[in-house]
$ cat target19.tsv   # TSV, C-alpha atoms
chain	number	residue	atom	x	y	z
A	1	MET	CA	50.68	0.95	-59.25
A	2	ILE	CA	54.15	1.52	-57.92
A	3	ASP	CA	56.79	-1.12	-58.61
A	4	ASP	CA	57.97	-2.52	-55.25
A	5	GLY	CA	61.64	-2.45	-56.26
A	6	GLU	CA	61.46	1.15	-57.44
A	7	LEU	CA	59.58	2.11	-54.30
A	8	ALA	CA	62.18	0.51	-52.04
A	9	ARG	CA	65.02	2.28	-53.90
A	10	LEU	CA	63.28	5.65	-53.68
A	11	VAL	CA	62.61	5.22	-49.96
A	12	VAL	CA	66.22	4.31	-49.19
A	13	SER	CA	67.57	7.17	-51.31
A	14	ALA	CA	65.13	9.70	-49.86
A	15	GLN	CA	65.98	8.59	-46.31
A	16	ALA	CA	69.65	9.14	-47.17
A	17	GLY	CA	68.87	12.76	-48.05
A	18	ASP	CA	68.41	12.57	-51.83
A	19	ARG	CA	65.89	15.38	-52.53
A	20	VAL	CA	65.25	14.22	-56.11
A	21	ALA	CA	64.36	10.74	-54.84
A	22	LEU	CA	62.05	12.27	-52.23
A	23	ASP	CA	60.29	14.33	-54.89
A	24	ARG	CA	59.89	11.26	-57.13
A	25	LEU	CA	58.64	9.21	-54.19
A	26	LEU	CA	55.99	11.79	-53.31
A	27	VAL	CA	54.87	12.06	-56.94
A	28	ARG	CA	54.53	8.26	-57.11
A	29	LEU	CA	52.65	8.12	-53.79
A	30	ARG	CA	50.22	10.95	-54.54
A	31	PRO	CA	47.56	8.84	-56.36
A	32	THR	CA	47.64	6.20	-53.62
A	33	VAL	CA	47.35	8.82	-50.89
A	34	MET	CA	44.49	10.56	-52.73
A	35	ARG	CA	42.60	7.26	-53.00
A	36	ARG	CA	43.04	6.62	-49.29
A	37	CYS	CA	41.90	10.12	-48.35
A	38	SER	CA	38.94	9.88	-50.72
A	39	ARG	CA	37.68	6.85	-48.81
A	40	PHE	CA	37.07	9.21	-45.88
A	41	LEU	CA	36.41	12.44	-47.73
A	42	PRO	CA	34.62	11.87	-51.04
A	43	HIS	CA	34.53	15.57	-51.95
A	44	HIS	CA	37.65	16.11	-54.08
A	45	ALA	CA	38.76	19.38	-52.45
A	46	ASP	CA	38.50	17.85	-48.97
A	47	ALA	CA	40.47	14.77	-50.01
A	48	GLU	CA	43.06	16.98	-51.71
A	49	GLU	CA	43.59	18.97	-48.51
A	50	ALA	CA	44.05	15.77	-46.52
A	51	ALA	CA	46.35	14.28	-49.16
A	52	GLN	CA	48.59	17.35	-49.09
A	53	ASP	CA	48.81	17.08	-45.30
A	54	ALA	CA	49.62	13.37	-45.59
A	55	LEU	CA	52.34	13.91	-48.21
A	56	LEU	CA	53.89	16.63	-46.07
A	57	SER	CA	53.84	14.30	-43.08
A	58	ILE	CA	55.38	11.49	-45.14
A	59	SER	CA	58.21	13.75	-46.29
A	60	THR	CA	58.78	15.10	-42.79
A	61	HIS	CA	58.70	11.72	-41.04
A	62	LEU	CA	60.22	9.46	-43.70
A	63	HIS	CA	63.31	9.01	-41.54
A	64	GLU	CA	61.05	7.39	-38.90
A	65	TYR	CA	60.03	4.55	-41.22
A	66	SER	CA	62.13	1.65	-39.97
A	67	GLY	CA	61.27	-0.95	-42.57
A	68	ARG	CA	59.04	-2.88	-40.13
A	69	GLY	CA	55.92	-3.76	-42.06
A	70	SER	CA	55.18	-2.60	-45.56
A	71	PHE	CA	55.98	0.94	-46.60
A	72	LEU	CA	52.57	1.30	-48.26
A	73	GLY	CA	50.99	0.19	-44.99
A	74	TRP	CA	52.88	2.96	-43.22
A	75	VAL	CA	51.68	5.40	-45.88
A	76	THR	CA	48.09	4.18	-45.37
A	77	VAL	CA	48.29	4.92	-41.65
A	78	ILE	CA	49.52	8.45	-42.34
A	79	ALA	CA	46.90	9.10	-45.05
A	80	SER	CA	44.08	7.75	-42.87
A	81	ASN	CA	45.15	9.89	-39.93
A	82	ALA	CA	45.45	12.96	-42.16
A	83	ALA	CA	41.96	12.42	-43.57
A	84	ARG	CA	40.45	12.00	-40.12
A	85	SER	CA	42.32	15.07	-38.86
A	86	THR	CA	41.15	17.12	-41.85
A	87	TYR	CA	37.58	16.04	-41.20
A	88	ARG	CA	37.78	17.04	-37.52
A	89	SER	CA	39.29	20.41	-38.45
A	90	MET	CA	36.66	21.09	-41.10
A	91	ARG	CA	33.89	20.09	-38.72
A	92	ARG	CA	35.17	22.49	-36.04
A	93	ARG	CA	35.32	25.30	-38.61
A	94	ALA	CA	31.77	24.55	-39.76
A	95	GLU	CA	30.52	24.51	-36.17
A	96	ASP	CA	32.37	27.74	-35.37
A	97	SER	CA	30.84	29.46	-38.39
A	98	HIS	CA	27.37	28.20	-37.41
A	99	ALA	CA	26.90	26.52	-40.76
A	100	PHE	CA	23.42	25.19	-41.34
A	101	LEU	CA	21.83	22.48	-43.42
A	102	PRO	CA	19.48	23.28	-46.28
A	103	GLU	CA	15.82	22.87	-45.45
A	104	GLY	CA	14.69	19.25	-45.70
A	105	ALA	CA	18.24	17.86	-45.62
A	106	ASP	CA	18.94	14.80	-43.50
A	107	PRO	CA	21.62	15.96	-41.01
A	108	ARG	CA	22.94	12.40	-40.66
A	109	THR	CA	23.98	12.11	-44.28
A	110	THR	CA	24.08	15.63	-45.69
A	111	SER	CA	27.31	17.43	-45.08
A	112	VAL	CA	27.77	21.02	-44.12
A	113	ILE	CA	31.40	20.32	-44.86
A	114	ALA	CA	31.42	20.16	-48.65
A	115	GLY	CA	30.56	16.54	-49.22
A	116	THR	CA	32.22	14.66	-46.41
A	117	ARG	CA	30.52	11.55	-45.08
A	118	LEU	CA	29.26	12.83	-41.75
A	119	ASP	CA	27.57	9.55	-40.95
A	120	LEU	CA	30.77	7.54	-41.37
A	121	MET	CA	33.03	10.09	-39.72
A	122	ASP	CA	30.69	10.60	-36.75
A	123	SER	CA	30.51	6.83	-36.30
A	124	LEU	CA	34.30	6.60	-36.42
A	125	ALA	CA	34.54	9.34	-33.80
A	126	ALA	CA	32.08	7.44	-31.58
A	127	LEU	CA	34.07	4.21	-32.08
A	128	GLU	CA	37.26	6.04	-31.14
A	129	GLU	CA	35.63	7.47	-28.02
A	130	ARG	CA	34.05	4.22	-26.82
A	131	HIS	CA	36.50	1.59	-28.11
A	132	PRO	CA	39.79	3.30	-29.01
A	133	GLY	CA	41.63	-0.01	-29.39
A	134	LEU	CA	39.42	-1.02	-32.32
A	135	VAL	CA	39.83	2.03	-34.54
A	136	GLU	CA	43.25	1.54	-36.09
A	137	SER	CA	42.65	-2.04	-37.21
A	138	PHE	CA	39.22	-1.18	-38.63
A	139	VAL	CA	40.48	1.88	-40.51
A	140	LEU	CA	43.46	0.07	-41.99
A	141	ARG	CA	41.42	-2.96	-43.11
A	142	ASP	CA	38.09	-1.52	-44.19
A	143	LEU	CA	39.04	1.98	-45.28
A	144	GLY	CA	42.70	1.43	-46.09
A	145	ASP	CA	42.14	-1.84	-47.96
A	146	LEU	CA	45.09	-3.53	-46.27
A	147	THR	CA	45.04	-7.28	-45.70
A	148	TYR	CA	44.57	-8.72	-42.23
A	149	VAL	CA	48.22	-9.79	-42.26
A	150	GLN	CA	49.38	-6.25	-43.14
A	151	VAL	CA	47.20	-4.81	-40.36
A	152	ALA	CA	48.70	-7.30	-37.90
A	153	GLU	CA	52.21	-6.25	-38.97
A	154	ILE	CA	51.48	-2.54	-38.63
A	155	THR	CA	49.71	-2.84	-35.28
A	156	ALA	CA	52.13	-5.48	-33.94
A	157	ALA	CA	49.14	-7.55	-32.83
A	158	PRO	CA	48.45	-11.25	-33.39
A	159	LEU	CA	46.34	-12.02	-36.46
A	160	GLY	CA	43.49	-13.42	-34.34
A	161	THR	CA	43.40	-10.25	-32.26
A	162	VAL	CA	43.29	-8.10	-35.38
A	163	LYS	CA	40.40	-10.12	-36.81
A	164	ASP	CA	38.49	-9.86	-33.53
A	165	ARG	CA	39.05	-6.09	-33.33
A	166	ILE	CA	37.83	-5.63	-36.89
A	167	HIS	CA	34.78	-7.81	-36.24
A	168	GLN	CA	33.88	-5.80	-33.12
A	169	ALA	CA	34.41	-2.50	-34.93
A	170	ARG	CA	32.27	-3.60	-37.88
A	171	ARG	CA	29.46	-4.61	-35.53
A	172	PHE	CA	29.66	-1.22	-33.77
A	173	MET	CA	29.68	0.66	-37.08
A	174	ARG	CA	26.81	-1.41	-38.47
A	175	ASP	CA	24.73	-0.62	-35.38
A	176	ARG	CA	25.59	3.09	-35.57
A	177	LEU	CA	24.89	3.34	-39.29
A	178	GLY	CA	21.67	1.36	-39.10
A	179	GLY	CA	22.91	-1.60	-41.12
A	180	ALA	CA	24.15	0.65	-43.95
A	181	CYS	CA	27.66	-0.82	-44.05

$ encode --input "target19.tsv" --output "structure tokens"
Amino acid sequence: MIDDGELARLVVSAQAGDRVALDRLLVRLRPTVMRRCSRFLPHHADAEEAAQDALLSISTHLHEYSGRGSFLGWVTVIASNAARSTYRSMRRRAEDSHAFLPEGADPRTTSVIAGTRLDLMDSLAALEERHPGLVESFVLRDLGDLTYVQVAEITAAPLGTVKDRIHQARRFMRDRLGGAC
């Protein structure tokens, strides 16, 4: 785990243009980002691709972090978005290449995309399409392991609203996944 004081110092130094601090920050964040991406993409190579995208985004957009909310919460948002984006990209490539499932495979849970959780990702896509306001809170709480309070800070929503959004999203996901979550 990263020491909060060290993390804060590295962020401030990296935002001020210190390249060594930025490199150290990214090295320290890598395990956390990999864990977050692995929640979406359990196949190591898929999670690694998403994590690299997330770390690049963190380094590119670090100057945009204003200190509102926790830094690790901000990192979680970026990692979650990178994992979902990687999944969508991999799915498009698989569809474009006309990938097929092995005979007897259950298409709801067997991935043509090297081990991703199609059932979860498809359900997230459906949630995003039907109830876009519920996705961010659900992803941050249930896949990002942030507390309700941290989710409320990141989304700038009242705690009660956050809890309601997460409850609605969980109900939707449970229905889509057949009670599997």

$ closest_residue --input "target19.tsv" --among "A:Phe138, A:Thr147, A:Leu62, A:Ile154" --to "A:Ile166" --atoms "all atoms listed in the file"
A:Phe138

$ residues_around --input "target19.tsv" --residues "A:Ala152" --least-positions-apart "3" --cutoff "10 Å" --atoms "only C-alpha atoms" --output "JSON, numbers by chain"
{"A": [69, 137, 140, 141, 146, 147, 148, 149, 155, 156, 157, 158, 159, 160, 161, 162, 163]}

$ closest_residue --input "target19.tsv" --among "A:Val151, A:Leu120, A:Ala21, A:Ala126" --to "A:Arg68" --atoms "only C-alpha atoms"
A:Val151

$ closest_residue --input "target19.tsv" --among "A:Val33, A:Ile58, A:His63, A:Ala50" --to "A:Gln15" --atoms "all atoms listed in the file"
A:His63

$ closest_residue --input "target19.tsv" --among "A:Val11, A:Ala83, A:Glu128, A:Arg24" --to "A:Ser70" --atoms "only C-alpha atoms"
A:Val11

$ residues_around --input "target19.tsv" --residues "A:Tyr65" --least-positions-apart "5" --cutoff "12 Å" --atoms "all atoms listed in the file" --output "PyMOL selection string"
chain A and resi 8+11-12+14-15+57-60+70-75+77-78+154

$ closest_residue --input "target19.tsv" --among "A:Leu55, A:Ala47, A:Leu41, A:Val139" --to "A:Asp119" --atoms "all atoms listed in the file"
A:Leu41

$ atom_distance --input "target19.tsv" --atom1 "atom CA of A:Glu6" --atom2 "atom CA of A:Met34"
20.0 Å

$ atom_distance --input "target19.tsv" --atom1 "atom CA of A:Met121" --atom2 "atom CA of A:Leu56"
22.8 Å

$ closest_residue --input "target19.tsv" --among "A:Leu7, A:Ala51, A:Ala82, A:Phe172" --to "A:Arg35" --atoms "all atoms listed in the file"
A:Ala51

$ atom_distance --input "target19.tsv" --atom1 "atom CA of A:Ala16" --atom2 "atom CA of A:Glu64"
12.1 Å

$ build_atoms --input "target19.tsv" --residues "stretch 120-131 of chain A" --atoms "all heavy atoms" --output "PDB file, in the coordinates of the input"
ATOM      1  N   LEU A 120      29.614   8.395 -41.582  1.00  0.00           N
ATOM      2  CA  LEU A 120      30.770   7.540 -41.370  1.00  0.00           C
ATOM      3  C   LEU A 120      31.743   8.183 -40.379  1.00  0.00           C
ATOM      4  O   LEU A 120      32.213   7.528 -39.449  1.00  0.00           O
ATOM      5  CB  LEU A 120      31.477   7.268 -42.695  1.00  0.00           C
ATOM      6  CG  LEU A 120      32.786   6.491 -42.601  1.00  0.00           C
ATOM      7  CD1 LEU A 120      32.545   5.089 -42.066  1.00  0.00           C
ATOM      8  CD2 LEU A 120      33.457   6.433 -43.961  1.00  0.00           C
ATOM      9  N   MET A 121      32.050   9.437 -40.573  1.00  0.00           N
ATOM     10  CA  MET A 121      33.030  10.090 -39.720  1.00  0.00           C
ATOM     11  C   MET A 121      32.533  10.225 -38.283  1.00  0.00           C
ATOM     12  O   MET A 121      33.295  10.048 -37.340  1.00  0.00           O
ATOM     13  CB  MET A 121      33.415  11.451 -40.302  1.00  0.00           C
ATOM     14  CG  MET A 121      34.064  11.354 -41.680  1.00  0.00           C
ATOM     15  SD  MET A 121      35.488  10.240 -41.758  1.00  0.00           S
ATOM     16  CE  MET A 121      36.700  11.241 -40.941  1.00  0.00           C
ATOM     17  N   ASP A 122      31.247  10.535 -38.105  1.00  0.00           N
ATOM     18  CA  ASP A 122      30.690  10.600 -36.750  1.00  0.00           C
ATOM     19  C   ASP A 122      30.737   9.231 -36.084  1.00  0.00           C
ATOM     20  O   ASP A 122      31.027   9.113 -34.895  1.00  0.00           O
ATOM     21  CB  ASP A 122      29.255  11.120 -36.780  1.00  0.00           C
ATOM     22  CG  ASP A 122      29.179  12.620 -37.027  1.00  0.00           C
ATOM     23  OD1 ASP A 122      30.213  13.306 -36.890  1.00  0.00           O
ATOM     24  OD2 ASP A 122      28.082  13.098 -37.359  1.00  0.00           O
ATOM     25  N   SER A 123      30.451   8.192 -36.850  1.00  0.00           N
ATOM     26  CA  SER A 123      30.510   6.830 -36.300  1.00  0.00           C
ATOM     27  C   SER A 123      31.939   6.457 -35.932  1.00  0.00           C
ATOM     28  O   SER A 123      32.177   5.820 -34.896  1.00  0.00           O
ATOM     29  CB  SER A 123      29.927   5.830 -37.291  1.00  0.00           C
ATOM     30  OG  SER A 123      28.554   6.078 -37.477  1.00  0.00           O
ATOM     31  N   LEU A 124      32.896   6.851 -36.753  1.00  0.00           N
ATOM     32  CA  LEU A 124      34.300   6.600 -36.420  1.00  0.00           C
ATOM     33  C   LEU A 124      34.704   7.343 -35.146  1.00  0.00           C
ATOM     34  O   LEU A 124      35.427   6.804 -34.311  1.00  0.00           O
ATOM     35  CB  LEU A 124      35.213   7.031 -37.561  1.00  0.00           C
ATOM     36  CG  LEU A 124      35.503   6.002 -38.632  1.00  0.00           C
ATOM     37  CD1 LEU A 124      36.291   6.633 -39.774  1.00  0.00           C
ATOM     38  CD2 LEU A 124      36.229   4.804 -38.078  1.00  0.00           C
ATOM     39  N   ALA A 125      34.233   8.566 -35.010  1.00  0.00           N
ATOM     40  CA  ALA A 125      34.540   9.340 -33.800  1.00  0.00           C
ATOM     41  C   ALA A 125      33.942   8.660 -32.574  1.00  0.00           C
ATOM     42  O   ALA A 125      34.581   8.587 -31.519  1.00  0.00           O
ATOM     43  CB  ALA A 125      34.009  10.765 -33.937  1.00  0.00           C
ATOM     44  N   ALA A 126      32.719   8.146 -32.698  1.00  0.00           N
ATOM     45  CA  ALA A 126      32.080   7.440 -31.580  1.00  0.00           C
ATOM     46  C   ALA A 126      32.838   6.155 -31.258  1.00  0.00           C
ATOM     47  O   ALA A 126      33.027   5.810 -30.087  1.00  0.00           O
ATOM     48  CB  ALA A 126      30.621   7.135 -31.916  1.00  0.00           C
ATOM     49  N   LEU A 127      33.282   5.432 -32.294  1.00  0.00           N
ATOM     50  CA  LEU A 127      34.070   4.210 -32.080  1.00  0.00           C
ATOM     51  C   LEU A 127      35.363   4.557 -31.349  1.00  0.00           C
ATOM     52  O   LEU A 127      35.747   3.869 -30.405  1.00  0.00           O
ATOM     53  CB  LEU A 127      34.366   3.535 -33.423  1.00  0.00           C
ATOM     54  CG  LEU A 127      35.226   2.275 -33.371  1.00  0.00           C
ATOM     55  CD1 LEU A 127      34.511   1.155 -32.618  1.00  0.00           C
ATOM     56  CD2 LEU A 127      35.579   1.823 -34.788  1.00  0.00           C
ATOM     57  N   GLU A 128      36.004   5.623 -31.774  1.00  0.00           N
ATOM     58  CA  GLU A 128      37.260   6.040 -31.140  1.00  0.00           C
ATOM     59  C   GLU A 128      37.054   6.415 -29.683  1.00  0.00           C
ATOM     60  O   GLU A 128      37.866   6.116 -28.823  1.00  0.00           O
ATOM     61  CB  GLU A 128      37.863   7.200 -31.917  1.00  0.00           C
ATOM     62  CG  GLU A 128      39.252   7.571 -31.489  1.00  0.00           C
ATOM     63  CD  GLU A 128      39.912   8.521 -32.468  1.00  0.00           C
ATOM     64  OE1 GLU A 128      39.216   9.328 -33.097  1.00  0.00           O
ATOM     65  OE2 GLU A 128      41.132   8.435 -32.600  1.00  0.00           O
ATOM     66  N   GLU A 129      35.929   7.050 -29.397  1.00  0.00           N
ATOM     67  CA  GLU A 129      35.630   7.470 -28.020  1.00  0.00           C
ATOM     68  C   GLU A 129      35.310   6.264 -27.135  1.00  0.00           C
ATOM     69  O   GLU A 129      35.779   6.192 -26.000  1.00  0.00           O
ATOM     70  CB  GLU A 129      34.433   8.419 -28.043  1.00  0.00           C
ATOM     71  CG  GLU A 129      34.048   8.963 -26.683  1.00  0.00           C
ATOM     72  CD  GLU A 129      32.869   9.910 -26.796  1.00  0.00           C
ATOM     73  OE1 GLU A 129      32.952  10.870 -27.593  1.00  0.00           O
ATOM     74  OE2 GLU A 129      31.871   9.670 -26.103  1.00  0.00           O
ATOM     75  N   ARG A 130      34.515   5.340 -27.636  1.00  0.00           N
ATOM     76  CA  ARG A 130      34.050   4.220 -26.820  1.00  0.00           C
ATOM     77  C   ARG A 130      34.993   3.015 -26.835  1.00  0.00           C
ATOM     78  O   ARG A 130      35.091   2.283 -25.852  1.00  0.00           O
ATOM     79  CB  ARG A 130      32.663   3.783 -27.279  1.00  0.00           C
ATOM     80  CG  ARG A 130      31.641   4.854 -26.993  1.00  0.00           C
ATOM     81  CD  ARG A 130      30.233   4.382 -27.252  1.00  0.00           C
ATOM     82  NE  ARG A 130      29.337   5.520 -27.074  1.00  0.00           N
ATOM     83  CZ  ARG A 130      28.585   6.027 -28.025  1.00  0.00           C
ATOM     84  NH1 ARG A 130      28.597   5.509 -29.227  1.00  0.00           N
ATOM     85  NH2 ARG A 130      27.805   7.052 -27.784  1.00  0.00           N
ATOM     86  N   HIS A 131      35.637   2.770 -27.955  1.00  0.00           N
ATOM     87  CA  HIS A 131      36.500   1.590 -28.110  1.00  0.00           C
ATOM     88  C   HIS A 131      37.771   1.976 -28.875  1.00  0.00           C
ATOM     89  O   HIS A 131      37.980   1.550 -30.012  1.00  0.00           O
ATOM     90  CB  HIS A 131      35.766   0.487 -28.873  1.00  0.00           C
ATOM     91  CG  HIS A 131      34.435   0.126 -28.314  1.00  0.00           C
ATOM     92  ND1 HIS A 131      34.286  -0.588 -27.147  1.00  0.00           N
ATOM     93  CD2 HIS A 131      33.177   0.403 -28.750  1.00  0.00           C
ATOM     94  CE1 HIS A 131      33.000  -0.758 -26.899  1.00  0.00           C
ATOM     95  NE2 HIS A 131      32.305  -0.152 -27.850  1.00  0.00           N
TER      96      HIS A 131
END
